[in-house]
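Scroll down for the structure; my scribbles are underneath it.
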Amino acid sequence: MIVRIDSLTFRYPNGTTALDEVSFSVAAGERVAIVGSNGAGKSTLARHLVGIERPASGTIEIAGRRADGLSIAELARTVGFVFQNPDDQLHAASVTKEVEFGPRNLRFPSARRKELVESALRRTGLAQTRDAHPHHLSLGERKRVALAAVLAMDTPVVVLDEPTTGQDHASVVLLGKLVDDLGADGRTVLAITHDMDFCAEHFDRVILLEDGGISWDGPVDRWLAQAADTAGQAFELPQMTRLGRRLGWEGSVSTVTGFVERLAPGAGPAPVVSTAP
Ligand SMILES: Nc1ncnc2c1ncn2[C@@H]1O[C@H](COP(=O)(O)OP(=O)(O)OP(=O)(O)O)[C@@H](O)[C@H]1O
């Protein structure tokens, strides 16, 4: 297991118990969505994975080593954390310098560093923006710079805090492909998200946090099949799931491919519709 958490409890100095006896393990290559309402403890949990917070009790193991025995610098070689707010992370005077910072700090040889930086810029759609000052970019672009900076560190585990917030459609598609590719490369992705369409299309497993504890941990499809209509709660079910329910379908669909397959078995991928005048 690349991540193993056992009975993790954490309290803020004001006495708030943000995590209460949380236990779970994640295998290499898994794509895990961490979901839950505001204040459920998602960000607090993610911050433990990179050593920004340390448990009051319980243990965290990353790649077989106890996290409490590792410095933040050592953890940074294994777990990359992309902050929800990129401005908590960005500091350099150009996109390239920002993305180079991590691999330089980790002392990758120069050829490897160049390769990692180019790959991260390409995968995040920033190759044309490489010379810009991050502060002159939009929020969505800055979020992708923060992501590229973490990708370039080539960590086996990547933790994303609300990756799709503020992203346009093309960027959400790019992010989805990136999550799929990371999983296919055997890298582990944990993402905090309220975006259930993104979760259904790109993740294998859901961990649902409620009041600092885990109330569901299992495959995305199984969770959606039993989830009540959540309108008015913390998140909406995926559009395809809601549509299937409105149509009175038995069982659950959650993805566009699943919906098309259910509607017309064997139909294959949707045809490309030309938008040319
Ligand atoms: N610095 C802090 N000091 C005291 N309590 C805090 C602090 N940060 C968070 N909390 C509390 O800890 C609990 C968990 O907060 P956390 O930010 O981890 O939740 P979250 O699930 O990430 O929420 P959101 O979806 O709003 O980002 C909440 O009750 C929150 O009010």
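Each chain in the structure tokens gets a letter, A, B and so on, in the order shown; residues start at 1 in every chain, and ligands are counted from 1 in the order they appear.
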Problem - Shell of 6 Å around Thr188 (chain A), only C-alpha atoms, local chain residues under 6 positions omitted, as a list in words - result: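 Contacts, with the query itself left out: Ala28, Gly29, Glu30, Arg31 and Val157 of chain A.
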Those residues with C-alpha atoms, as a PDB file, in the first residue's frame please?
ATOM      1  CA  ALA A  28      -0.423   2.335  -6.004  1.00  0.00           C
ATOM      2  CA  GLY A  29      -2.271   3.484  -9.126  1.00  0.00           C
ATOM      3  CA  GLU A  30      -5.643   3.989  -7.399  1.00  0.00           C
ATOM      4  CA  ARG A  31      -7.618   7.137  -8.141  1.00  0.00           C
ATOM      5  CA  VAL A 157       1.338  10.161  -5.007  1.00  0.00           C
TER       6      VAL A 157
END
Handout entry: Nearby residues (only C-alpha atoms) at most 12 Å from His202 (chain A), same-chain spacing under 2 positions excluded, as a PyMOL selection string
Key = chain A and resi 30-33+172-184+189-191+193+195-200+204-206+219-221+254-256
For the selection just defined, write its residues with C-alpha atoms to a file, as a tab-separated table (two decimals), in the first residue's frame.
chain	number	residue	atom	x	y	z
A	30	GLU	CA	-5.64	3.99	-7.40
A	31	ARG	CA	-7.62	7.14	-8.14
A	32	VAL	CA	-9.50	8.08	-5.00
A	33	ALA	CA	-12.00	10.93	-4.68
A	172	VAL	CA	-11.65	20.06	-16.98
A	173	VAL	CA	-11.27	17.67	-19.94
A	174	LEU	CA	-7.48	18.10	-19.76
A	175	LEU	CA	-7.51	17.49	-15.99
A	176	GLY	CA	-9.61	14.35	-16.44
A	177	LYS	CA	-7.18	12.96	-18.99
A	178	LEU	CA	-4.30	13.79	-16.69
A	179	VAL	CA	-5.90	11.90	-13.78
A	180	ASP	CA	-6.53	8.90	-16.08
A	181	ASP	CA	-2.93	9.01	-17.37
A	182	LEU	CA	-1.44	9.26	-13.87
A	183	GLY	CA	-3.46	6.20	-12.82
A	184	ALA	CA	-2.38	4.32	-15.96
A	189	VAL	CA	-4.19	10.28	-7.23
A	190	LEU	CA	-6.24	11.46	-4.28
A	191	ALA	CA	-8.53	14.38	-5.05
A	193	THR	CA	-13.74	17.32	-4.99
A	195	ASP	CA	-17.57	17.79	-8.69
A	196	MET	CA	-19.46	14.51	-8.94
A	197	ASP	CA	-19.34	14.35	-12.76
A	198	PHE	CA	-15.53	14.56	-12.58
A	199	CYS	CA	-15.52	11.98	-9.79
A	200	ALA	CA	-17.72	9.51	-11.74
A	204	ASP	CA	-12.20	4.35	-9.06
A	205	ARG	CA	-13.10	4.85	-5.48
A	206	VAL	CA	-14.88	7.30	-3.18
A	219	PRO	CA	-16.14	1.88	-5.67
A	220	VAL	CA	-17.66	5.04	-7.17
A	221	ASP	CA	-20.38	3.10	-9.01
A	254	SER	CA	-22.88	7.53	-13.81
A	255	THR	CA	-20.85	8.24	-16.95
A	256	VAL	CA	-21.67	9.40	-20.47
Practice task
as an MDAnalysis selection string, list the residues of region 94-275 of chain A assigned to alpha helix (DSSP H) by DSSP on the backbone atoms of this structure.
Solution key: chainID A and resid 95:105 110:123 139:151 169:184 196:202 220:226 239:246 256:263
Produce a table with one row for each residue of chain A that has an atom at most 12 Å from any atom of ligand 1, each row naming the nearest atom pair and its distance in Å at one decimal; use only C-alpha atoms and all ligand atoms; arrange rows by chain and rising residue number; format as CSV.
residue,atom,partner,partner_atom_place_in_ligand_line,distance
A:Thr9,CA,ligand 1,12 (O),11.7
A:Phe10,CA,ligand 1,12 (O),9.0
A:Arg11,CA,ligand 1,12 (O),7.8
A:Tyr12,CA,ligand 1,4 (C),4.9
A:Pro13,CA,ligand 1,4 (C),6.6
A:Asn14,CA,ligand 1,4 (C),5.7
A:Gly15,CA,ligand 1,4 (C),7.5
A:Thr16,CA,ligand 1,5 (N),5.5
A:Thr17,CA,ligand 1,12 (O),6.7
A:Ala18,CA,ligand 1,13 (C),4.3
A:Leu19,CA,ligand 1,14 (C),7.4
A:Asp20,CA,ligand 1,14 (C),10.6
A:Ile34,CA,ligand 1,21 (O),9.0
A:Val35,CA,ligand 1,21 (O),7.8
A:Gly36,CA,ligand 1,21 (O),6.1
A:Ser37,CA,ligand 1,25 (O),5.5
A:Asn38,CA,ligand 1,25 (O),3.4
A:Gly39,CA,ligand 1,19 (O),3.4
A:Ala40,CA,ligand 1,21 (O),3.7
A:Gly41,CA,ligand 1,18 (O),3.3
A:Lys42,CA,ligand 1,21 (O),3.8
A:Ser43,CA,ligand 1,22 (O),3.7
A:Thr44,CA,ligand 1,18 (O),3.7
A:Leu45,CA,ligand 1,18 (O),6.5
A:Ala46,CA,ligand 1,18 (O),8.1
A:Arg47,CA,ligand 1,18 (O),8.5
A:His48,CA,ligand 1,18 (O),10.2
A:Ile52,CA,ligand 1,1 (N),11.8
A:Glu53,CA,ligand 1,1 (N),10.4
A:Phe83,CA,ligand 1,27 (O),11.1
A:Gln84,CA,ligand 1,27 (O),8.7
A:Asn85,CA,ligand 1,27 (O),10.9
A:Leu160,CA,ligand 1,22 (O),11.9
A:Asp161,CA,ligand 1,27 (O),8.6
A:Glu162,CA,ligand 1,27 (O),8.5
A:Thr165,CA,ligand 1,27 (O),11.8
A:Ala191,CA,ligand 1,22 (O),11.3
A:Ile192,CA,ligand 1,22 (O),7.9
A:Thr193,CA,ligand 1,25 (O),8.3
A:His194,CA,ligand 1,25 (O),7.8
A:Asp195,CA,ligand 1,25 (O),11.5
A:Ile207,CA,ligand 1,21 (O),11.8
A:Leu208,CA,ligand 1,21 (O),9.9
A:Leu209,CA,ligand 1,21 (O),7.5
A:Glu210,CA,ligand 1,21 (O),8.2
A:Asp211,CA,ligand 1,29 (O),7.5
A:Gly212,CA,ligand 1,14 (C),6.8
A:Gly213,CA,ligand 1,14 (C),10.5
A:Ile214,CA,ligand 1,21 (O),11.6
A:Ala234,CA,ligand 1,25 (O),8.8
A:Phe235,CA,ligand 1,25 (O),10.5
Exercise for the section: Please give the complete set of residues from region 19-197 of chain A that DSSP, run on the backbone, assigns to strand (DSSP E), formatted as a PyMOL selection string. Expected result: chain A and resi 19-26+31-35+57-62+65-66+79-82+157-161+188-192
For the selection you just gave me, I'd like the residues written to a file as a compact mmCIF listing (two decimals), in the first residue's frame, keeping N, CA and C atoms.
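Result saved to result.txt:
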# COMPACT_ATOMS: atom_id res chain seq x y z
N LEU A 19 -10.66 15.39 12.60
CA LEU A 19 -10.60 13.99 12.14
C LEU A 19 -10.69 13.09 13.36
N ASP A 20 -11.53 12.04 13.24
CA ASP A 20 -11.79 11.21 14.41
C ASP A 20 -11.65 9.74 14.02
N GLU A 21 -10.53 9.14 14.36
CA GLU A 21 -10.32 7.70 14.14
C GLU A 21 -10.49 7.31 12.67
N VAL A 22 -9.83 8.05 11.78
CA VAL A 22 -9.93 7.78 10.34
C VAL A 22 -8.91 6.71 9.95
N SER A 23 -9.37 5.66 9.28
CA SER A 23 -8.48 4.58 8.81
C SER A 23 -8.82 4.21 7.37
N PHE A 24 -7.80 4.15 6.52
CA PHE A 24 -7.97 3.61 5.17
C PHE A 24 -6.59 3.40 4.55
N SER A 25 -6.56 2.59 3.48
CA SER A 25 -5.32 2.36 2.75
C SER A 25 -5.57 2.60 1.27
N VAL A 26 -4.54 3.00 0.58
CA VAL A 26 -4.65 3.25 -0.86
C VAL A 26 -3.51 2.52 -1.56
N ARG A 31 -7.16 5.74 -8.03
CA ARG A 31 -7.62 7.14 -8.14
C ARG A 31 -8.79 7.29 -7.17
N VAL A 32 -8.55 8.02 -6.10
CA VAL A 32 -9.50 8.08 -5.00
C VAL A 32 -10.05 9.51 -4.85
N ALA A 33 -11.37 9.63 -4.92
CA ALA A 33 -12.00 10.93 -4.68
C ALA A 33 -12.40 11.02 -3.21
N ILE A 34 -11.99 12.11 -2.57
CA ILE A 34 -12.38 12.34 -1.17
C ILE A 34 -13.48 13.39 -1.20
N VAL A 35 -14.67 12.99 -0.78
CA VAL A 35 -15.82 13.89 -0.89
C VAL A 35 -16.45 14.09 0.49
N SER A 57 -3.29 11.54 17.39
CA SER A 57 -3.05 10.12 17.62
C SER A 57 -3.32 9.37 16.32
N GLY A 58 -2.85 8.12 16.27
CA GLY A 58 -2.96 7.35 15.05
C GLY A 58 -1.69 7.48 14.22
N THR A 59 -1.64 6.70 13.12
CA THR A 59 -0.42 6.69 12.32
C THR A 59 -0.71 6.87 10.83
N ILE A 60 0.29 7.41 10.15
CA ILE A 60 0.23 7.56 8.69
C ILE A 60 1.50 6.93 8.14
N GLU A 61 1.32 6.04 7.17
CA GLU A 61 2.48 5.45 6.49
C GLU A 61 2.42 5.82 5.03
N ILE A 62 3.53 6.33 4.51
CA ILE A 62 3.62 6.68 3.10
C ILE A 62 4.72 5.82 2.49
N ARG A 65 6.77 3.89 4.95
CA ARG A 65 7.52 4.55 6.03
C ARG A 65 6.58 5.41 6.87
N ARG A 66 6.77 5.37 8.19
CA ARG A 66 5.94 6.20 9.08
C ARG A 66 6.19 7.67 8.79
N VAL A 79 4.90 12.56 -1.94
CA VAL A 79 3.54 13.08 -2.07
C VAL A 79 3.58 14.53 -2.55
N GLY A 80 2.96 14.79 -3.69
CA GLY A 80 2.84 16.16 -4.18
C GLY A 80 1.45 16.68 -3.85
N PHE A 81 1.36 17.89 -3.34
CA PHE A 81 0.07 18.44 -2.92
C PHE A 81 -0.21 19.71 -3.71
N VAL A 82 -1.33 19.71 -4.44
CA VAL A 82 -1.73 20.90 -5.18
C VAL A 82 -2.81 21.62 -4.38
N VAL A 157 2.69 9.81 -5.47
CA VAL A 157 1.34 10.16 -5.01
C VAL A 157 1.09 11.65 -5.30
N VAL A 158 -0.08 11.94 -5.89
CA VAL A 158 -0.45 13.33 -6.16
C VAL A 158 -1.78 13.59 -5.46
N VAL A 159 -1.82 14.65 -4.64
CA VAL A 159 -3.04 15.01 -3.93
C VAL A 159 -3.54 16.35 -4.49
N LEU A 160 -4.78 16.36 -4.94
CA LEU A 160 -5.35 17.55 -5.57
C LEU A 160 -6.50 18.06 -4.70
N ASP A 161 -6.46 19.35 -4.36
CA ASP A 161 -7.55 19.93 -3.58
C ASP A 161 -8.44 20.75 -4.51
N THR A 188 -0.54 7.35 -7.94
CA THR A 188 -1.76 7.37 -7.13
C THR A 188 -2.29 8.79 -7.08
N VAL A 189 -3.59 8.94 -7.29
CA VAL A 189 -4.19 10.28 -7.23
C VAL A 189 -5.27 10.28 -6.16
N LEU A 190 -5.16 11.22 -5.23
CA LEU A 190 -6.24 11.46 -4.28
C LEU A 190 -6.73 12.88 -4.55
N ALA A 191 -8.02 13.04 -4.76
CA ALA A 191 -8.53 14.38 -5.05
C ALA A 191 -9.71 14.70 -4.17
N ILE A 192 -9.62 15.85 -3.53
CA ILE A 192 -10.79 16.39 -2.82
C ILE A 192 -11.64 17.06 -3.89
Problem - From A:Arg187, A:Met153, A:Arg107, A:Ser119, residue lying nearest Val3 (chain A) [only C-alpha atoms] - result: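 Closest residue, counting only C-alpha atoms: A:Arg187.
With only C-alpha atoms as the atoms that count, the residue of A:Ala146, A:Ala264, A:Ser138, A:Ala63 with the shortest distance to Gly166 (chain A) is A:Ser138.
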Exercise for the section: May I ask which of the residues A:Asp217, A:Glu201, A:Asp185, A:Glu141 is the closest one to Pro156 (chain A), counting only C-alpha atoms? Expected result: A:Asp185
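The residue that comes closest to Phe101 (chain A), out of A:Ala149, A:Ala127, A:Arg54, A:Lys143 and on the basis of only C-alpha atoms, is A:Ala149.
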Exercise for the section: For Arg112 (chain A), work out the shell of residues within 12 Å, counting only C-alpha atoms and skipping chain neighbours fewer than 5 positions away, then give it as an MDAnalysis selection string. Expected result: chainID A and resid 100 103:104 106:107 117:119 152:154
